[in-house]
Structure formats: C-alpha cells, structure tokens
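All remarks here apply to the structure that follows.
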Amino acid sequence: MLTQTTSRVLEPSDLDAALAVLDREPVANAFVTARVQIAGLDPWRLGGEMWGWYEGGVLTSLCYAGANLVPICATPRAVRAFADRARRAGRRCSSVVGPAGPTAALWRLLEPQWGPAREVRTHQPLMVTDRMPATTAPDPHVRRVRKDELETIMPACVAMFTEEVGVSPLAGDGGLLYQARVAELVGAGRSFARFDADGRVVFKAEIGAATDRACQIQGVWVAPEHRGTGVAAPGMAAVLRYALRDVAPVASLYVNDFNTPARRTYERVGFQEVGAFMSVLF
C-alpha cells in the first residue's frame, strides 16, 4: 500500500479505485469513464496510460495520457505531478483537454516545453440536461445511421471534424483511425442523421461517450446549405430523445464559447451551462 504522496502509472488491479474517482464527477468525466469501463486500465486496450495521484495512500486524482491528455478531479498538487510526468515523457498527445481550471494550470506548466499550441480554447461551456424540451419537437426524420450508410455519413463527419478542430482527420494515417471510430459509433447505434430526398446528410450528431450515469453528445453538424433554416434544434431534440430513452439519464455536451448559434440551439433544447472545459490543440 502506498503511504506517501506520490504519482504512478495505474495497473489493471487499480480499476475499482480509478472508477471511484471517475464517479465523483460522472458528467465531466463521461468520456474517460466510458473508455475505462470498456477497456480497463491496460494501456494497450485503453489506448494510453492512466496516471494516478495519491494523498496519504489514497487515490485522489487521475490523468489520462493517450491521444488526449486529460486531468481528472485533479488537485493543484496532482496537476504539478502530472505536468512533471508529462514533461519527462514528452508530448505524445494531439490535445490537452478537460475541466477548465485544472487544464489551464496543467498547460501553464507544460507550455514552456510543449508550446506554442496551434490553438487554445480557454472556455468551452459544459452543458447538461435530463429532460426533453417543452417547446421544441424532435425532428421525426432524424434516425440512427445504418451500417450500410457509412460511406454516406463519412464525408459529413470529416467536414464537421475539419471545421471544429481546424485540421482534417484524414491526415497522417489517411483517416483509418477516424473511419474506424465513426464505424464503431454507427455499429453501436449511437450515430444519428437526417437525410434529404437524394440521400445527402442534412443534420448529424453522435453520442460519443456513454456510461450508465451520463452520455456526451458530439459531432453536431448541419450541412452549410441548410444552416439558418431551423433544422438544428429539432435535430438535437431528436438525438436527445434517443439519448435519454436508450442510453443514460443525463445528456451533456461542450461547445466553443464563440459559437453563438450552437449555444442558442442547445439552450432552446434545454441544455444548461454547469461548468467549462478547456482545450489546447497541437
């Protein structure tokens, strides 16, 4: 048993203790919790290491170190320990993302070595709801994407990612990992879209992370020619209905603070701001 204050890479035997930390903030931690529940703490299956911070022998904070670096329930002392470990390991992630306070503190410590970042988004409102909107009816044409529609939905996913992140997901490996992720969500029944009469995507979104306590909606996109026509809010209401009925009792998302149309849409559907995330993109 660890009796001192220290950090270390967690092992599969630490799973229950790690889940207990993640469960303290089920909405904010939904993305990492979902991965850990499926893959455990084995780095090969998890796609990265889980670092733990111990106070007096008790696991109190975590940091997921994979494609993203994500501080979880991280105290100031834990942030410093995670920054030290990250500096020693060198940057392997494409982003640092998480609750705004700990993420900002972590980035202040890493920026001298890891900077400059391609983009820093310091305030991304975290929004949640646990009920359907009273005034916005779900779009009856939004439905689950079928497996045989993967080639149809893929260009919309690529367009959304490129607009949102600023780089194409097809760079590097030609999009193999990204296409596998899209196919995974389609196969799990967590990809939704409205198609026009010619089979083109009008609106789409995914439930990107799901636990028994919360899920996270992501990848919301409206085709450019349909923007401003009122399809987004009913589309979101439809996805929300699937989420609350089939997946989890609480739905969440986070959005760029400068994306005023999206924030208004989410507010119309009943999402309320409960906190903020921050993202550092490389």
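Chain labels run A, B, ... following the order of the structure tokens; each chain numbers its residues from 1, and ligands are numbered from 1 in the order shown.
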
Give the alpha helix (DSSP H) residues of stretch 108-246 of chain A, as DSSP finds them on the backbone, and put them as a ChimeraX atom specification. /A:108-114,150-165,176-187,232-242

If you count only C-alpha atoms, which residues fall within 8 Å of stretch 139-147 of chain A, apart from same-chain ones fewer than 6 positions away, as a PDB file with N, CA, C and O atoms, in the first residue's frame?
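Okay, this is what ended up in part21.pdb:
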ATOM      1  N   ILE A 153     -22.327   8.859 -44.550  1.00  0.00           N
ATOM      2  CA  ILE A 153     -22.148   9.727 -43.383  1.00  0.00           C
ATOM      3  C   ILE A 153     -20.714  10.204 -43.245  1.00  0.00           C
ATOM      4  O   ILE A 153     -20.456  11.275 -42.674  1.00  0.00           O
ATOM      5  N   ALA A 183     -17.247   4.215 -37.697  1.00  0.00           N
ATOM      6  CA  ALA A 183     -17.896   2.912 -37.887  1.00  0.00           C
ATOM      7  C   ALA A 183     -18.301   2.297 -36.552  1.00  0.00           C
ATOM      8  O   ALA A 183     -19.361   1.660 -36.440  1.00  0.00           O
ATOM      9  N   VAL A 186     -21.499   4.049 -35.445  1.00  0.00           N
ATOM     10  CA  VAL A 186     -22.616   3.585 -36.273  1.00  0.00           C
ATOM     11  C   VAL A 186     -23.029   2.185 -35.833  1.00  0.00           C
ATOM     12  O   VAL A 186     -24.223   1.887 -35.646  1.00  0.00           O
ATOM     13  N   GLY A 187     -22.045   1.310 -35.655  1.00  0.00           N
ATOM     14  CA  GLY A 187     -22.333  -0.059 -35.263  1.00  0.00           C
ATOM     15  C   GLY A 187     -22.998  -0.168 -33.912  1.00  0.00           C
ATOM     16  O   GLY A 187     -23.809  -1.076 -33.664  1.00  0.00           O
ATOM     17  N   GLY A 189     -25.089   1.970 -32.758  1.00  0.00           N
ATOM     18  CA  GLY A 189     -26.384   2.645 -32.778  1.00  0.00           C
ATOM     19  C   GLY A 189     -26.345   4.019 -32.137  1.00  0.00           C
ATOM     20  O   GLY A 189     -27.372   4.516 -31.668  1.00  0.00           O
ATOM     21  N   ARG A 190     -25.162   4.657 -32.142  1.00  0.00           N
ATOM     22  CA  ARG A 190     -25.038   5.970 -31.491  1.00  0.00           C
ATOM     23  C   ARG A 190     -24.701   7.081 -32.494  1.00  0.00           C
ATOM     24  O   ARG A 190     -24.211   8.132 -32.119  1.00  0.00           O
ATOM     25  N   SER A 191     -24.957   6.842 -33.769  1.00  0.00           N
ATOM     26  CA  SER A 191     -24.792   7.851 -34.809  1.00  0.00           C
ATOM     27  C   SER A 191     -26.170   8.154 -35.397  1.00  0.00           C
ATOM     28  O   SER A 191     -26.916   7.238 -35.747  1.00  0.00           O
ATOM     29  N   PHE A 192     -26.508   9.456 -35.524  1.00  0.00           N
ATOM     30  CA  PHE A 192     -27.849   9.858 -35.933  1.00  0.00           C
ATOM     31  C   PHE A 192     -27.755  10.900 -37.047  1.00  0.00           C
ATOM     32  O   PHE A 192     -26.833  11.721 -37.074  1.00  0.00           O
ATOM     33  N   ALA A 193     -28.720  10.869 -37.940  1.00  0.00           N
ATOM     34  CA  ALA A 193     -28.695  11.828 -39.044  1.00  0.00           C
ATOM     35  C   ALA A 193     -30.087  12.011 -39.633  1.00  0.00           C
ATOM     36  O   ALA A 193     -30.974  11.156 -39.482  1.00  0.00           O
ATOM     37  N   ARG A 194     -30.239  13.130 -40.305  1.00  0.00           N
ATOM     38  CA  ARG A 194     -31.384  13.362 -41.199  1.00  0.00           C
ATOM     39  C   ARG A 194     -30.825  13.438 -42.610  1.00  0.00           C
ATOM     40  O   ARG A 194     -29.828  14.145 -42.857  1.00  0.00           O
ATOM     41  N   PHE A 195     -31.425  12.708 -43.528  1.00  0.00           N
ATOM     42  CA  PHE A 195     -31.008  12.695 -44.928  1.00  0.00           C
ATOM     43  C   PHE A 195     -32.075  13.384 -45.778  1.00  0.00           C
ATOM     44  O   PHE A 195     -33.271  13.306 -45.458  1.00  0.00           O
ATOM     45  N   PHE A 203     -28.403  16.900 -41.365  1.00  0.00           N
ATOM     46  CA  PHE A 203     -28.033  17.105 -39.964  1.00  0.00           C
ATOM     47  C   PHE A 203     -27.473  15.799 -39.432  1.00  0.00           C
ATOM     48  O   PHE A 203     -27.936  14.721 -39.816  1.00  0.00           O
ATOM     49  N   VAL A 231     -33.224  23.566 -38.769  1.00  0.00           N
ATOM     50  CA  VAL A 231     -33.168  22.103 -38.640  1.00  0.00           C
ATOM     51  C   VAL A 231     -32.377  21.661 -37.415  1.00  0.00           C
ATOM     52  O   VAL A 231     -32.533  20.528 -36.941  1.00  0.00           O
ATOM     53  N   PRO A 234     -34.631  21.014 -33.730  1.00  0.00           N
ATOM     54  CA  PRO A 234     -35.406  19.765 -33.772  1.00  0.00           C
ATOM     55  C   PRO A 234     -34.520  18.533 -33.931  1.00  0.00           C
ATOM     56  O   PRO A 234     -34.816  17.466 -33.372  1.00  0.00           O
ATOM     57  N   GLY A 235     -33.421  18.670 -34.674  1.00  0.00           N
ATOM     58  CA  GLY A 235     -32.484  17.557 -34.810  1.00  0.00           C
ATOM     59  C   GLY A 235     -31.857  17.190 -33.477  1.00  0.00           C
ATOM     60  O   GLY A 235     -31.768  16.008 -33.117  1.00  0.00           O
ATOM     61  N   ALA A 237     -33.128  17.827 -30.555  1.00  0.00           N
ATOM     62  CA  ALA A 237     -34.184  17.263 -29.706  1.00  0.00           C
ATOM     63  C   ALA A 237     -34.387  15.785 -30.009  1.00  0.00           C
ATOM     64  O   ALA A 237     -34.623  14.980 -29.101  1.00  0.00           O
ATOM     65  N   ALA A 238     -34.269  15.417 -31.287  1.00  0.00           N
ATOM     66  CA  ALA A 238     -34.419  14.005 -31.664  1.00  0.00           C
ATOM     67  C   ALA A 238     -33.282  13.165 -31.097  1.00  0.00           C
ATOM     68  O   ALA A 238     -33.510  12.075 -30.548  1.00  0.00           O
ATOM     69  N   VAL A 239     -32.044  13.662 -31.216  1.00  0.00           N
ATOM     70  CA  VAL A 239     -30.905  12.940 -30.664  1.00  0.00           C
ATOM     71  C   VAL A 239     -31.031  12.842 -29.144  1.00  0.00           C
ATOM     72  O   VAL A 239     -30.747  11.791 -28.549  1.00  0.00           O
TER      73      VAL A 239
END

Might you pull out every residue within 7 Å of A:Gly40, with only C-alpha atoms counted and same-chain residues fewer than 5 positions away left off, and present them as an NGL selection string? :A and (12 or 15 or 46)

Export C-alpha atoms of the chosen residues as a PDB file, in the first residue's frame?
ATOM      1  CA  PRO A  12      -5.369  -3.198 -14.040  1.00  0.00           C
ATOM      2  CA  LEU A  15      -9.527  -0.356 -11.665  1.00  0.00           C
ATOM      3  CA  LEU A  46      -7.095   1.728 -23.143  1.00  0.00           C
TER       4      LEU A  46
END

So, counting only C-alpha atoms, which residue among A:Arg92, A:Arg268, A:Arg35, A:Arg80 is closest to A:Leu22?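 Between A:Arg92, A:Arg268, A:Arg35, A:Arg80, the residue approaching A:Leu22 most closely is A:Arg35.
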
Please produce, as CSV, a per-residue contact table for stretch 63-135 of chain A versus stretch 24-31 of chain A (criterion: any atom at most 10 Å away, only C-alpha atoms considered), showing the nearest atom pair and its distance in Å to one decimal, sorted by chain then residue number.
residue,atom,partner,partner_atom,distance
A:Val70,CA,A:Asn29,CA,9.4
A:Pro71,CA,A:Asn29,CA,9.6
A:Ile72,CA,A:Asn29,CA,7.1
A:Cys73,CA,A:Glu25,CA,7.7
A:Gly98,CA,A:Ala28,CA,8.0
A:Pro99,CA,A:Ala28,CA,7.3
A:Leu126,CA,A:Ala28,CA,7.9
A:Met127,CA,A:Val27,CA,9.5
A:Val128,CA,A:Val27,CA,8.1

Would you save the residues from that selection as an mmCIF file, in the first residue's frame, using N, CA, C and O atoms?
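Done, and the output landed in part-v7.cif:
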data_model
loop_
_atom_site.group_PDB
_atom_site.id
_atom_site.type_symbol
_atom_site.label_atom_id
_atom_site.label_comp_id
_atom_site.auth_asym_id
_atom_site.auth_seq_id
_atom_site.Cartn_x
_atom_site.Cartn_y
_atom_site.Cartn_z
ATOM 1 N N VAL A 70 -5.750 14.296 -20.312
ATOM 2 C CA VAL A 70 -6.987 14.719 -19.650
ATOM 3 C C VAL A 70 -6.825 14.652 -18.130
ATOM 4 O O VAL A 70 -6.805 13.557 -17.555
ATOM 5 N N PRO A 71 -6.718 15.796 -17.435
ATOM 6 C CA PRO A 71 -6.697 15.772 -15.974
ATOM 7 C C PRO A 71 -8.094 15.499 -15.427
ATOM 8 O O PRO A 71 -9.083 16.035 -15.928
ATOM 9 N N ILE A 72 -8.174 14.663 -14.392
ATOM 10 C CA ILE A 72 -9.464 14.215 -13.864
ATOM 11 C C ILE A 72 -9.472 14.401 -12.353
ATOM 12 O O ILE A 72 -8.622 13.842 -11.649
ATOM 13 N N CYS A 73 -10.421 15.221 -11.863
ATOM 14 C CA CYS A 73 -10.517 15.502 -10.426
ATOM 15 C C CYS A 73 -9.143 15.888 -9.879
ATOM 16 O O CYS A 73 -8.748 15.469 -8.783
ATOM 17 N N GLY A 98 -9.937 19.120 -20.786
ATOM 18 C CA GLY A 98 -10.549 18.729 -19.529
ATOM 19 C C GLY A 98 -11.190 19.922 -18.859
ATOM 20 O O GLY A 98 -11.287 21.009 -19.450
ATOM 21 N N PRO A 99 -11.658 19.759 -17.617
ATOM 22 C CA PRO A 99 -12.227 20.879 -16.870
ATOM 23 C C PRO A 99 -11.282 22.076 -16.892
ATOM 24 O O PRO A 99 -10.065 21.937 -16.748
ATOM 25 N N LEU A 126 -19.678 23.658 -20.582
ATOM 26 C CA LEU A 126 -20.186 22.298 -20.414
ATOM 27 C C LEU A 126 -21.669 22.427 -20.100
ATOM 28 O O LEU A 126 -22.056 23.108 -19.141
ATOM 29 N N MET A 127 -22.505 21.785 -20.922
ATOM 30 C CA MET A 127 -23.951 21.938 -20.813
ATOM 31 C C MET A 127 -24.600 20.577 -20.603
ATOM 32 O O MET A 127 -24.153 19.571 -21.164
ATOM 33 N N VAL A 128 -25.655 20.543 -19.801
ATOM 34 C CA VAL A 128 -26.328 19.283 -19.498
ATOM 35 C C VAL A 128 -27.843 19.460 -19.491
ATOM 36 O O VAL A 128 -28.357 20.569 -19.318
#

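Atom CA of A:Val274 lies 16.7 Å from atom CA of A:Thr103.
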
With distances taken over only C-alpha atoms, which residue among A:Cys215, A:Ala171, A:Ala205, A:Val165 lies nearest A:Val280?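 Ranked by minimum distance to A:Val280, first place goes to A:Val165.
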
Would you list the contacts of A:Leu62 as a list in words, taking every protein, DNA or RNA residue within 10 Å and counting only C-alpha atoms, but skipping same-chain residues closer than 4 positions in sequence? Ser7, Arg8, Val9, Leu10, Ala18, Val21, Leu22, Met50, Trp51, Gly52, Trp53, Tyr54, Val70, Pro71, Ile72, Cys73, Ala74, Thr75, Ala78, Val79 and Phe82 of chain A

Residue neighbourhood stretch 113-122 of chain A, 8 Å, only C-alpha atoms, exclusion window fewer than 3 positions, as a PDB file with all heavy atoms, in the first residue's frame:
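As a result, part09.pdb now contains:
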ATOM      1  N   ARG A  87       6.172  16.141 -18.906  1.00  0.00           N
ATOM      2  CA  ARG A  87       7.399  16.733 -19.449  1.00  0.00           C
ATOM      3  C   ARG A  87       8.467  15.663 -19.649  1.00  0.00           C
ATOM      4  O   ARG A  87       9.173  15.664 -20.665  1.00  0.00           O
ATOM      5  CB  ARG A  87       7.912  17.838 -18.509  1.00  0.00           C
ATOM      6  CG  ARG A  87       7.186  19.158 -18.647  1.00  0.00           C
ATOM      7  CD  ARG A  87       7.960  20.273 -17.962  1.00  0.00           C
ATOM      8  NE  ARG A  87       8.077  20.036 -16.522  1.00  0.00           N
ATOM      9  CZ  ARG A  87       7.307  20.602 -15.596  1.00  0.00           C
ATOM     10  NH1 ARG A  87       6.342  21.435 -15.971  1.00  0.00           N
ATOM     11  NH2 ARG A  87       7.486  20.354 -14.311  1.00  0.00           N
ATOM     12  N   ARG A  91       5.762  15.173 -25.390  1.00  0.00           N
ATOM     13  CA  ARG A  91       4.381  15.268 -25.879  1.00  0.00           C
ATOM     14  C   ARG A  91       4.075  14.164 -26.884  1.00  0.00           C
ATOM     15  O   ARG A  91       4.719  14.064 -27.920  1.00  0.00           O
ATOM     16  CB  ARG A  91       4.129  16.638 -26.525  1.00  0.00           C
ATOM     17  CG  ARG A  91       2.664  16.791 -26.965  1.00  0.00           C
ATOM     18  CD  ARG A  91       2.367  18.166 -27.497  1.00  0.00           C
ATOM     19  NE  ARG A  91       2.926  18.412 -28.812  1.00  0.00           N
ATOM     20  CZ  ARG A  91       2.390  17.987 -29.951  1.00  0.00           C
ATOM     21  NH1 ARG A  91       1.287  17.252 -29.950  1.00  0.00           N
ATOM     22  NH2 ARG A  91       2.978  18.285 -31.101  1.00  0.00           N
ATOM     23  N   ALA A 100     -11.853  23.271 -17.087  1.00  0.00           N
ATOM     24  CA  ALA A 100     -11.047  24.447 -17.417  1.00  0.00           C
ATOM     25  C   ALA A 100      -9.980  24.773 -16.380  1.00  0.00           C
ATOM     26  O   ALA A 100      -8.835  25.085 -16.736  1.00  0.00           O
ATOM     27  CB  ALA A 100     -11.967  25.649 -17.625  1.00  0.00           C
ATOM     28  N   ALA A 104      -6.110  24.495 -17.415  1.00  0.00           N
ATOM     29  CA  ALA A 104      -5.343  25.740 -17.543  1.00  0.00           C
ATOM     30  C   ALA A 104      -4.070  25.672 -16.706  1.00  0.00           C
ATOM     31  O   ALA A 104      -2.985  26.090 -17.155  1.00  0.00           O
ATOM     32  CB  ALA A 104      -6.203  26.926 -17.113  1.00  0.00           C
ATOM     33  N   LEU A 110       3.140  23.157 -18.752  1.00  0.00           N
ATOM     34  CA  LEU A 110       3.665  22.443 -19.925  1.00  0.00           C
ATOM     35  C   LEU A 110       4.054  23.369 -21.071  1.00  0.00           C
ATOM     36  O   LEU A 110       4.915  23.022 -21.889  1.00  0.00           O
ATOM     37  CB  LEU A 110       2.610  21.447 -20.433  1.00  0.00           C
ATOM     38  CG  LEU A 110       2.311  20.244 -19.533  1.00  0.00           C
ATOM     39  CD1 LEU A 110       1.163  19.420 -20.114  1.00  0.00           C
ATOM     40  CD2 LEU A 110       3.559  19.376 -19.375  1.00  0.00           C
ATOM     41  N   ASN A 256     -17.771  25.465 -28.076  1.00  0.00           N
ATOM     42  CA  ASN A 256     -16.903  26.638 -28.066  1.00  0.00           C
ATOM     43  C   ASN A 256     -17.707  27.879 -27.681  1.00  0.00           C
ATOM     44  O   ASN A 256     -18.810  28.091 -28.196  1.00  0.00           O
ATOM     45  CB  ASN A 256     -16.262  26.842 -29.438  1.00  0.00           C
ATOM     46  CG  ASN A 256     -15.270  25.748 -29.774  1.00  0.00           C
ATOM     47  OD1 ASN A 256     -14.457  25.356 -28.947  1.00  0.00           O
ATOM     48  ND2 ASN A 256     -15.341  25.226 -30.992  1.00  0.00           N
ATOM     49  N   PHE A 277     -15.051  23.499 -20.001  1.00  0.00           N
ATOM     50  CA  PHE A 277     -13.886  22.757 -20.400  1.00  0.00           C
ATOM     51  C   PHE A 277     -12.898  23.720 -21.036  1.00  0.00           C
ATOM     52  O   PHE A 277     -13.216  24.866 -21.349  1.00  0.00           O
ATOM     53  CB  PHE A 277     -14.263  21.663 -21.408  1.00  0.00           C
ATOM     54  CG  PHE A 277     -14.675  20.349 -20.790  1.00  0.00           C
ATOM     55  CD1 PHE A 277     -15.452  20.307 -19.660  1.00  0.00           C
ATOM     56  CD2 PHE A 277     -14.280  19.148 -21.360  1.00  0.00           C
ATOM     57  CE1 PHE A 277     -15.833  19.103 -19.085  1.00  0.00           C
ATOM     58  CE2 PHE A 277     -14.649  17.938 -20.805  1.00  0.00           C
ATOM     59  CZ  PHE A 277     -15.431  17.912 -19.661  1.00  0.00           C
ATOM     60  N   MET A 278     -11.695  23.219 -21.234  1.00  0.00           N
ATOM     61  CA  MET A 278     -10.659  23.945 -21.966  1.00  0.00           C
ATOM     62  C   MET A 278      -9.937  22.962 -22.856  1.00  0.00           C
ATOM     63  O   MET A 278      -9.741  21.801 -22.468  1.00  0.00           O
ATOM     64  CB  MET A 278      -9.677  24.595 -20.979  1.00  0.00           C
ATOM     65  CG  MET A 278      -8.445  25.223 -21.630  1.00  0.00           C
ATOM     66  SD  MET A 278      -7.406  26.070 -20.408  1.00  0.00           S
ATOM     67  CE  MET A 278      -5.901  26.320 -21.375  1.00  0.00           C
ATOM     68  N   SER A 279      -9.574  23.397 -24.048  1.00  0.00           N
ATOM     69  CA  SER A 279      -8.849  22.539 -24.981  1.00  0.00           C
ATOM     70  C   SER A 279      -7.621  23.250 -25.504  1.00  0.00           C
ATOM     71  O   SER A 279      -7.678  24.433 -25.885  1.00  0.00           O
ATOM     72  CB  SER A 279      -9.733  22.142 -26.173  1.00  0.00           C
ATOM     73  OG  SER A 279     -10.842  21.361 -25.755  1.00  0.00           O
ATOM     74  N   VAL A 280      -6.502  22.528 -25.517  1.00  0.00           N
ATOM     75  CA  VAL A 280      -5.257  23.007 -26.118  1.00  0.00           C
ATOM     76  C   VAL A 280      -4.975  22.082 -27.292  1.00  0.00           C
ATOM     77  O   VAL A 280      -4.801  20.874 -27.116  1.00  0.00           O
ATOM     78  CB  VAL A 280      -4.100  22.964 -25.110  1.00  0.00           C
ATOM     79  CG1 VAL A 280      -2.808  23.472 -25.758  1.00  0.00           C
ATOM     80  CG2 VAL A 280      -4.423  23.753 -23.858  1.00  0.00           C
ATOM     81  N   LEU A 281      -4.959  22.630 -28.505  1.00  0.00           N
ATOM     82  CA  LEU A 281      -4.817  21.829 -29.721  1.00  0.00           C
ATOM     83  C   LEU A 281      -3.423  22.007 -30.313  1.00  0.00           C
ATOM     84  O   LEU A 281      -2.925  23.133 -30.434  1.00  0.00           O
ATOM     85  CB  LEU A 281      -5.873  22.246 -30.749  1.00  0.00           C
ATOM     86  CG  LEU A 281      -7.330  22.274 -30.258  1.00  0.00           C
ATOM     87  CD1 LEU A 281      -8.257  22.762 -31.366  1.00  0.00           C
ATOM     88  CD2 LEU A 281      -7.771  20.901 -29.779  1.00  0.00           C
ATOM     89  N   PHE A 282      -2.813  20.887 -30.709  1.00  0.00           N
ATOM     90  CA  PHE A 282      -1.466  20.917 -31.308  1.00  0.00           C
ATOM     91  C   PHE A 282      -1.528  20.632 -32.795  1.00  0.00           C
ATOM     92  O   PHE A 282      -2.494  20.110 -33.296  1.00  0.00           O
ATOM     93  CB  PHE A 282      -0.564  19.893 -30.619  1.00  0.00           C
ATOM     94  CG  PHE A 282      -0.410  20.149 -29.151  1.00  0.00           C
ATOM     95  CD1 PHE A 282      -1.024  19.306 -28.228  1.00  0.00           C
ATOM     96  CD2 PHE A 282       0.324  21.221 -28.676  1.00  0.00           C
ATOM     97  CE1 PHE A 282      -0.894  19.530 -26.877  1.00  0.00           C
ATOM     98  CE2 PHE A 282       0.452  21.453 -27.329  1.00  0.00           C
ATOM     99  CZ  PHE A 282      -0.155  20.618 -26.417  1.00  0.00           C
TER     100      PHE A 282
END
